[in-house]
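Visitor: Contents are CSV, C-alpha atoms; file name my_file.csv:
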```
chain,number,residue,atom,x,y,z
T,75,MET,CA,74.1,61.0,50.9
T,76,ASN,CA,76.3,64.1,50.7
T,77,THR,CA,76.4,65.6,54.1
T,78,GLU,CA,79.0,68.4,53.3
T,79,VAL,CA,78.0,72.0,54.1
T,80,LYS,CA,78.9,73.9,50.9
T,81,SER,CA,80.5,76.9,52.5
T,82,ALA,CA,82.4,74.8,55.0
T,83,ALA,CA,83.8,72.6,52.2
T,84,ARG,CA,84.8,75.7,50.2
T,85,ILE,CA,86.7,77.2,53.1
T,86,LEU,CA,88.6,74.0,53.7
T,87,ASP,CA,89.3,73.7,49.9
T,88,LEU,CA,90.7,77.2,50.0
T,89,LEU,CA,92.9,76.4,53.1
T,90,GLU,CA,94.2,73.3,51.5
T,91,TYR,CA,95.0,75.1,48.3
T,92,LEU,CA,96.8,78.0,50.0
T,93,ALA,CA,98.8,75.5,52.1
T,94,GLY,CA,100.1,74.0,48.9
T,95,CYS,CA,101.2,77.3,47.4
T,96,ALA,CA,104.9,78.1,47.7
T,97,GLU,CA,104.2,81.8,46.8
T,98,PRO,CA,101.4,84.2,47.5
T,99,VAL,CA,98.5,84.0,45.0
T,100,LYS,CA,96.1,86.4,43.5
T,101,LEU,CA,92.3,86.1,43.7
T,102,LYS,CA,92.1,85.2,40.0
T,103,GLU,CA,94.5,82.3,40.6
T,104,ILE,CA,92.2,81.0,43.4
T,105,VAL,CA,89.2,81.3,41.2
T,106,ALA,CA,90.9,79.4,38.3
T,107,ALA,CA,92.3,76.7,40.6
T,108,LEU,CA,89.2,76.0,42.6
T,109,GLY,CA,86.4,77.1,40.2
T,110,PHE,CA,84.7,79.3,42.8
T,111,PRO,CA,82.7,82.3,41.7
T,112,LYS,CA,84.9,85.4,42.1
T,113,SER,CA,82.6,86.9,44.7
T,114,SER,CA,82.6,83.8,46.8
T,115,ALA,CA,86.3,83.3,46.5
T,116,HIS,CA,86.9,86.9,47.6
T,117,ALA,CA,84.5,86.6,50.6
T,118,LEU,CA,86.2,83.4,51.7
T,119,ALA,CA,89.7,84.8,51.4
T,120,GLN,CA,88.8,87.9,53.3
T,121,THR,CA,87.3,85.8,56.0
T,122,LEU,CA,90.6,84.0,56.4
T,123,VAL,CA,92.4,87.3,56.6
T,124,SER,CA,90.1,88.8,59.2
T,125,ARG,CA,90.4,85.7,61.4
T,126,GLY,CA,94.2,85.7,61.1
T,127,TYR,CA,94.6,82.5,59.1
T,128,ALA,CA,95.9,84.4,56.0
T,129,ILE,CA,97.4,87.7,55.1
T,130,GLN,CA,96.9,89.9,52.0
T,131,ASP,CA,100.1,91.7,50.9
T,132,SER,CA,100.5,95.0,49.2
T,133,THR,CA,99.8,93.6,45.8
T,134,GLU,CA,96.6,92.0,47.0
T,135,ARG,CA,97.9,88.4,46.9
T,136,TYR,CA,97.0,85.9,49.6
T,137,VAL,CA,99.3,83.7,51.6
T,138,LEU,CA,98.4,81.3,54.4
T,139,VAL,CA,99.7,82.2,57.9
T,140,HIS,CA,101.9,79.3,59.1
T,141,ALA,CA,100.3,77.3,61.9
T,142,SER,CA,101.1,73.7,62.9
T,143,ARG,CA,98.4,71.1,63.4
T,144,HIS,CA,98.9,71.5,67.2
T,145,ARG,CA,98.2,75.2,67.6
T,146,SER,CA,95.7,77.7,66.3
T,147,ALA,CA,96.5,80.5,63.9
T,148,THR,CA,98.9,83.1,65.1
T,149,ARG,CA,97.7,85.8,67.4
T,150,ALA,CA,96.5,89.1,66.0
T,151,HIS,CA,99.9,90.9,66.6
T,152,GLU,CA,101.7,88.1,64.8
T,153,ALA,CA,99.3,88.3,61.9
T,154,ARG,CA,100.0,92.1,61.7
T,155,LEU,CA,103.7,91.4,61.8
T,156,LEU,CA,103.4,89.0,58.9
T,157,SER,CA,101.3,91.4,56.9
T,158,ALA,CA,104.0,94.1,57.3
T,159,ALA,CA,107.0,91.8,56.8
T,160,HIS,CA,106.0,89.5,53.9
T,161,PRO,CA,106.4,91.9,50.9
T,162,ILE,CA,109.7,93.1,52.3
T,163,MET,CA,110.8,89.5,52.8
T,164,GLU,CA,110.1,88.7,49.2
T,165,GLN,CA,112.0,91.8,48.1
T,166,LEU,CA,115.0,90.8,50.3
T,167,ARG,CA,115.0,87.3,49.0
T,168,ASP,CA,115.0,88.5,45.4
T,169,ARG,CA,117.7,91.2,45.9
T,170,SER,CA,120.0,89.0,48.0
T,171,GLY,CA,119.3,85.6,46.3
T,172,GLU,CA,119.2,84.0,49.8
T,173,THR,CA,116.5,82.6,52.1
T,174,VAL,CA,114.7,84.9,54.4
T,175,VAL,CA,113.1,83.8,57.7
T,176,LEU,CA,110.9,85.8,60.1
T,177,ALA,CA,110.9,84.7,63.8
T,178,VAL,CA,109.8,85.8,67.2
T,179,ARG,CA,110.9,84.8,70.7
T,180,THR,CA,108.8,82.5,72.9
T,181,THR,CA,108.4,82.9,76.6
T,182,ARG,CA,111.1,80.3,77.1
T,183,GLY,CA,113.7,82.0,75.0
T,184,GLU,CA,113.2,79.8,71.9
T,185,SER,CA,112.7,81.0,68.4
T,186,LYS,CA,109.3,80.6,66.8
T,187,ARG,CA,109.5,80.8,63.0
T,188,LEU,CA,106.5,82.5,61.4
T,189,ALA,CA,107.3,82.6,57.7
T,190,LYS,CA,110.0,82.1,55.2
T,191,CYS,CA,110.8,83.1,51.6
T,192,VAL,CA,113.2,80.4,50.2
T,193,SER,CA,116.0,81.2,47.9
T,194,ARG,CA,115.5,80.2,44.3
T,195,GLN,CA,119.2,79.2,43.8
T,196,ALA,CA,120.0,75.6,43.2
T,197,ILE,CA,122.1,75.3,46.3
T,198,ARG,CA,120.4,77.1,49.1
T,199,PHE,CA,119.6,77.2,52.8
T,200,ASP,CA,116.1,76.0,53.9
T,201,VAL,CA,114.5,75.3,57.2
T,202,ASP,CA,111.4,73.6,58.5
T,203,LEU,CA,109.1,76.2,60.1
T,204,ASP,CA,108.0,73.7,62.7
T,205,GLY,CA,111.6,72.5,63.3
T,206,GLN,CA,113.6,73.2,66.5
T,207,SER,CA,116.6,75.4,66.7
T,208,ASP,CA,119.1,76.2,69.4
T,209,SER,CA,118.9,79.9,70.3
T,210,TYR,CA,122.3,80.0,71.8
T,211,CYS,CA,124.0,79.1,68.5
T,212,THR,CA,121.8,80.5,65.8
T,213,ALA,CA,121.8,84.1,64.5
T,214,THR,CA,118.1,84.6,65.1
T,215,GLY,CA,118.1,83.1,68.6
T,216,ARG,CA,121.1,85.1,69.8
T,217,LEU,CA,119.6,88.3,68.4
T,218,LEU,CA,116.3,87.7,70.3
T,219,LEU,CA,118.1,86.7,73.5
T,220,ALA,CA,120.4,89.8,73.2
T,221,HIS,CA,117.3,92.0,73.2
T,222,TRP,CA,115.6,90.2,76.1
T,223,GLU,CA,115.7,91.0,79.8
T,224,ALA,CA,119.2,90.1,81.1
T,225,GLY,CA,117.9,87.9,83.9
T,226,LEU,CA,115.7,85.9,81.5
T,227,ALA,CA,118.5,85.5,79.0
T,228,ASN,CA,120.8,84.3,81.8
T,229,ALA,CA,118.2,81.9,83.0
T,230,TYR,CA,117.9,80.5,79.5
T,231,LEU,CA,121.7,80.0,79.3
T,232,ALA,CA,121.6,78.2,82.7
T,233,ARG,CA,118.7,75.9,81.7
T,234,VAL,CA,119.7,74.8,78.2
T,235,PRO,CA,122.5,72.4,77.5
T,236,LEU,CA,125.1,74.3,75.6
T,237,ILE,CA,126.2,71.6,73.1
T,238,ALA,CA,128.7,72.1,70.3
T,239,ARG,CA,126.7,71.5,67.1
T,240,THR,CA,129.8,72.0,65.0
T,241,PRO,CA,133.5,72.6,65.8
T,242,LYS,CA,132.8,76.4,65.6
T,243,THR,CA,129.9,76.5,68.1
T,244,VAL,CA,130.4,78.9,71.0
T,245,THR,CA,129.3,77.2,74.2
T,246,ASP,CA,130.9,79.2,77.0
T,247,PRO,CA,128.1,81.3,78.7
T,248,ASP,CA,130.3,84.3,79.3
T,249,ALA,CA,131.4,84.3,75.7
T,250,ILE,CA,127.8,84.2,74.6
T,251,ARG,CA,126.9,87.1,76.9
T,252,ALA,CA,129.8,89.0,75.3
T,253,LEU,CA,128.3,88.3,71.9
T,254,PHE,CA,124.9,89.7,73.1
T,255,MET,CA,126.7,93.0,73.9
T,256,ARG,CA,128.3,93.0,70.4
T,257,ILE,CA,124.9,92.2,68.8
T,258,ARG,CA,123.2,95.2,70.5
T,259,ALA,CA,126.1,97.5,69.6
T,260,GLU,CA,126.4,96.4,65.9
T,261,GLY,CA,122.7,95.8,65.2
T,262,VAL,CA,123.3,92.4,63.6
T,263,SER,CA,123.9,88.8,64.8
T,264,VAL,CA,126.1,86.5,62.7
T,265,CYS,CA,126.5,82.8,63.3
T,266,ASP,CA,129.1,81.4,60.9
T,267,GLU,CA,128.8,77.6,60.7
T,268,GLU,CA,128.0,77.3,64.4
T,269,HIS,CA,124.7,75.5,63.9
T,270,VAL,CA,125.1,73.7,60.6
T,271,THR,CA,128.5,73.3,58.8
T,272,GLY,CA,128.4,75.2,55.4
T,273,SER,CA,125.6,77.5,56.5
T,274,THR,CA,125.9,81.1,57.8
T,275,GLY,CA,123.0,82.9,59.4
T,276,LEU,CA,122.7,86.6,60.0
T,277,ALA,CA,119.8,88.3,61.8
T,278,ALA,CA,118.7,91.9,62.6
T,279,PRO,CA,116.0,93.3,64.8
T,280,ILE,CA,112.5,94.4,63.9
T,281,HIS,CA,111.2,97.2,66.2
T,282,GLY,CA,107.6,97.8,67.2
T,283,ARG,CA,106.0,101.2,67.5
T,284,ASP,CA,107.3,101.6,71.0
T,285,GLY,CA,110.9,100.8,70.0
T,286,SER,CA,111.0,97.3,71.5
T,287,VAL,CA,112.4,94.4,69.5
T,288,VAL,CA,109.3,92.4,68.4
T,289,ALA,CA,110.9,90.0,65.9
T,290,ALA,CA,114.1,89.0,64.1
T,291,LEU,CA,114.6,88.8,60.3
T,292,ASN,CA,117.2,86.2,59.3
T,293,LEU,CA,119.1,85.6,56.1
T,294,GLY,CA,120.2,82.0,55.7
T,295,VAL,CA,123.2,81.9,53.4
T,296,VAL,CA,125.6,79.2,52.0
T,297,THR,CA,128.8,80.1,53.8
T,298,MET,CA,130.9,80.5,50.7
T,299,ARG,CA,128.5,83.0,49.3
T,300,TYR,CA,128.3,84.9,52.6
T,301,HIS,CA,132.0,85.5,52.8
T,302,ALA,CA,132.1,86.8,49.2
T,303,ARG,CA,129.6,89.6,50.0
T,304,SER,CA,129.1,89.8,53.8
T,305,HIS,CA,128.9,93.6,54.0
T,306,GLU,CA,126.4,93.8,51.2
T,307,LEU,CA,124.2,91.2,52.7
T,308,VAL,CA,124.3,92.9,56.2
T,309,ALA,CA,123.3,96.2,54.6
T,310,MET,CA,120.4,94.6,52.7
T,311,LEU,CA,119.2,92.9,55.9
T,312,LYS,CA,119.3,96.0,58.0
T,313,GLU,CA,117.4,98.0,55.4
T,314,ALA,CA,114.7,95.4,55.2
T,315,CYS,CA,114.3,95.5,59.0
T,316,ARG,CA,114.1,99.3,58.9
T,317,GLN,CA,111.3,99.1,56.3
T,318,ILE,CA,109.3,96.5,58.3
T,319,SER,CA,109.8,98.4,61.5
T,320,GLU,CA,108.4,101.6,59.8
T,321,ARG,CA,105.4,99.6,58.5
T,322,LEU,CA,104.8,98.7,62.1
T,323,GLY,CA,104.8,102.3,63.2
T,324,TYR,CA,108.4,102.6,64.4
T,325,ARG,CA,110.2,105.9,63.6
T,326,GLN,CA,113.9,105.8,64.5
T,327,ASP,CA,114.4,109.5,64.3
T,328,THR,CA,111.4,110.2,66.6
T,329,ARG,CA,112.7,107.7,69.1
T,330,GLN,CA,116.2,109.2,69.1
T,331,ASP,CA,114.7,112.7,69.6
T,332,ALA,CA,112.6,111.5,72.5
T,333,ASP,CA,115.7,109.8,74.1
T,334,SER,CA,117.8,113.0,73.7
T,335,VAL,CA,115.0,115.1,75.4
T,336,ALA,CA,114.8,112.6,78.2
```
Any chance you could give the structure as structure tokens?
Guide:
Amino acid sequence: MNTEVKSAARILDLLEYLAGCAEPVKLKEIVAALGFPKSSAHALAQTLVSRGYAIQDSTERYVLVHASRHRSATRAHEARLLSAAHPIMEQLRDRSGETVVLAVRTTRGESKRLAKCVSRQAIRFDVDLDGQSDSYCTATGRLLLAHWEAGLANAYLARVPLIARTPKTVTDPDAIRALFMRIRAEGVSVCDEEHVTGSTGLAAPIHGRDGSVVAALNLGVVTMRYHARSHELVAMLKEACRQISERLGYRQDTRQDADSVA
């Protein structure tokens, strides 16, 4: 006897389908792939969006919010961040030709990857969204630590073993703190073959409405390509972060005006 509840089965079919899609998909693609009536597919997809399991980008395509088997879907603010960032991430991936990763900081100072848009080049950087990374020697991790409370960042450096992952890894705590100052001054974090030989990461901050750094956007680049066009890639990355920050309600000019008045 078939004991499946039709609506429950359909929502699971939709989740499994979206999980297997490397790119966001339109409603008509869902209908064609799963054979659902258009009205039912739309209602199911919108339910996933409203509950934070999926986002709908500016072109009305759907993409599943990343969540591991061991945790629920991302919180509402992370779903909003993903919704604002994803179309810009795709544009940055296509303009730069490199892999783009969005991440936030955990309460322990680690980087939590939320989404990625992988380069289409034959030789490219990729990363497991559930994988672990060392904040002290990655561009994203350092960027987020640099914009954390100093006491908490120092506690992280004191707690975590600072191991040299490659011959270029900076492991001296004072040198890392000096890098934090440089990151804040220059608005970009670069880790050149410090975590993985042959790979260079660069990250820039995404600001929330109140001006605080709420996330980092990372470009993962094959080192040879990075050195050939480093200034261009940094400029592209900063512009993408500016656009995402504005979509979240941040206005840099307004913030500067408020600071000057104060």
Visitor: Have a look at T:Val264, T:Val244, T:Met163, T:Cys211 and name the one nearest to Glu313 in chain T; count all atoms listed in the file.
Guide: T:Met163
Visitor: When you count all atoms listed in the file, which of these residues is closest to Lys112 in chain T: T:Leu155, T:Lys100, T:Cys191, T:Asp204?
Guide: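 Counting all atoms listed in the file, the residue closest to Lys112 in chain T is T:Lys100.
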Visitor: Between CA of Val99 in chain T and CA of Ile280 in chain T, what is the distance, to one decimal in Å?
Guide: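 Those two atoms sit 25.7 Å apart.
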Visitor: Enter the distance from CA of Asn228 in chain T to CA of Arg316 in chain T, in Å, rounded to one decimal.
Guide: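 It comes out at 28.2 Å.
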Visitor: For Lys190 in chain T, work out the shell of residues within 9 Å, counting all atoms listed in the file and skipping chain neighbours fewer than 4 positions away, then give it as a ChimeraX atom specification.
Guide: /T:160,163-164,173-176,200-201,203
Visitor: Find the residues near Gln206 in chain T: any atom within 9 Å, counting all atoms listed in the file, skip ones fewer than 4 places away on the same chain, and give them as a VMD selection string.
Guide: chain T and resid 184 to 186 202
Visitor: Determine, counting all atoms listed in the file, which protein, DNA and RNA residues have an atom within 6 Å of an atom of Ala128 in chain T; residues of the same chain fewer than 5 positions away are not included. Present the result as a ChimeraX atom specification.
Guide: /T:122-123,137-139
Visitor: Which residues, written as a ChimeraX atom specification, have at least one atom at most 9 Å from Lys312 in chain T, with all atoms listed in the file counted and residues fewer than 4 positions away on the same chain left out?
Guide: /T:261-262,277-279,291,307-308,316-317
Visitor: For CA of Ala177 in chain T and CA of Thr214 in chain T, quote the distance in Å rounded to one decimal.
Guide: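 We find that CA of Ala177 in chain T and CA of Thr214 in chain T lie 7.3 Å from each other.
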Visitor: Between T:Met298, T:Val287, T:Ala117, T:Leu88, which has the minimum distance to Glu223 in chain T (counting only C-alpha atoms)?
Guide: T:Val287
Visitor: Of the candidates T:Ser209, T:Ser157, T:Ser170, T:Thr240, which one gets nearest to Leu322 in chain T if we count only C-alpha atoms?
Guide: T:Ser157
Visitor: For Ser124 in chain T, which residue among T:Ala153, T:Leu293, T:Arg84, T:Ala314 is the nearest when counting all atoms listed in the file?
Guide: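 Among the listed residues, the smallest separation from Ser124 in chain T belongs to T:Ala153.
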Visitor: Measuring between all atoms listed in the file, which one of T:Lys242, T:Arg125, T:His305, T:Arg198 shows the shortest distance to Gly171 in chain T?
Guide: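 Result for the nearest residue to Gly171 in chain T: T:Arg198.
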Visitor: Would you kindly return, as an NGL selection string, each protein, DNA or RNA residue with an atom no farther than 12 Å from any atom of Asp248 in chain T, considering only C-alpha atoms and excluding same-chain residues fewer than 5 positions away?
Guide: :T and (210 or 227-228 or 231-232 or 236 or 253-255)
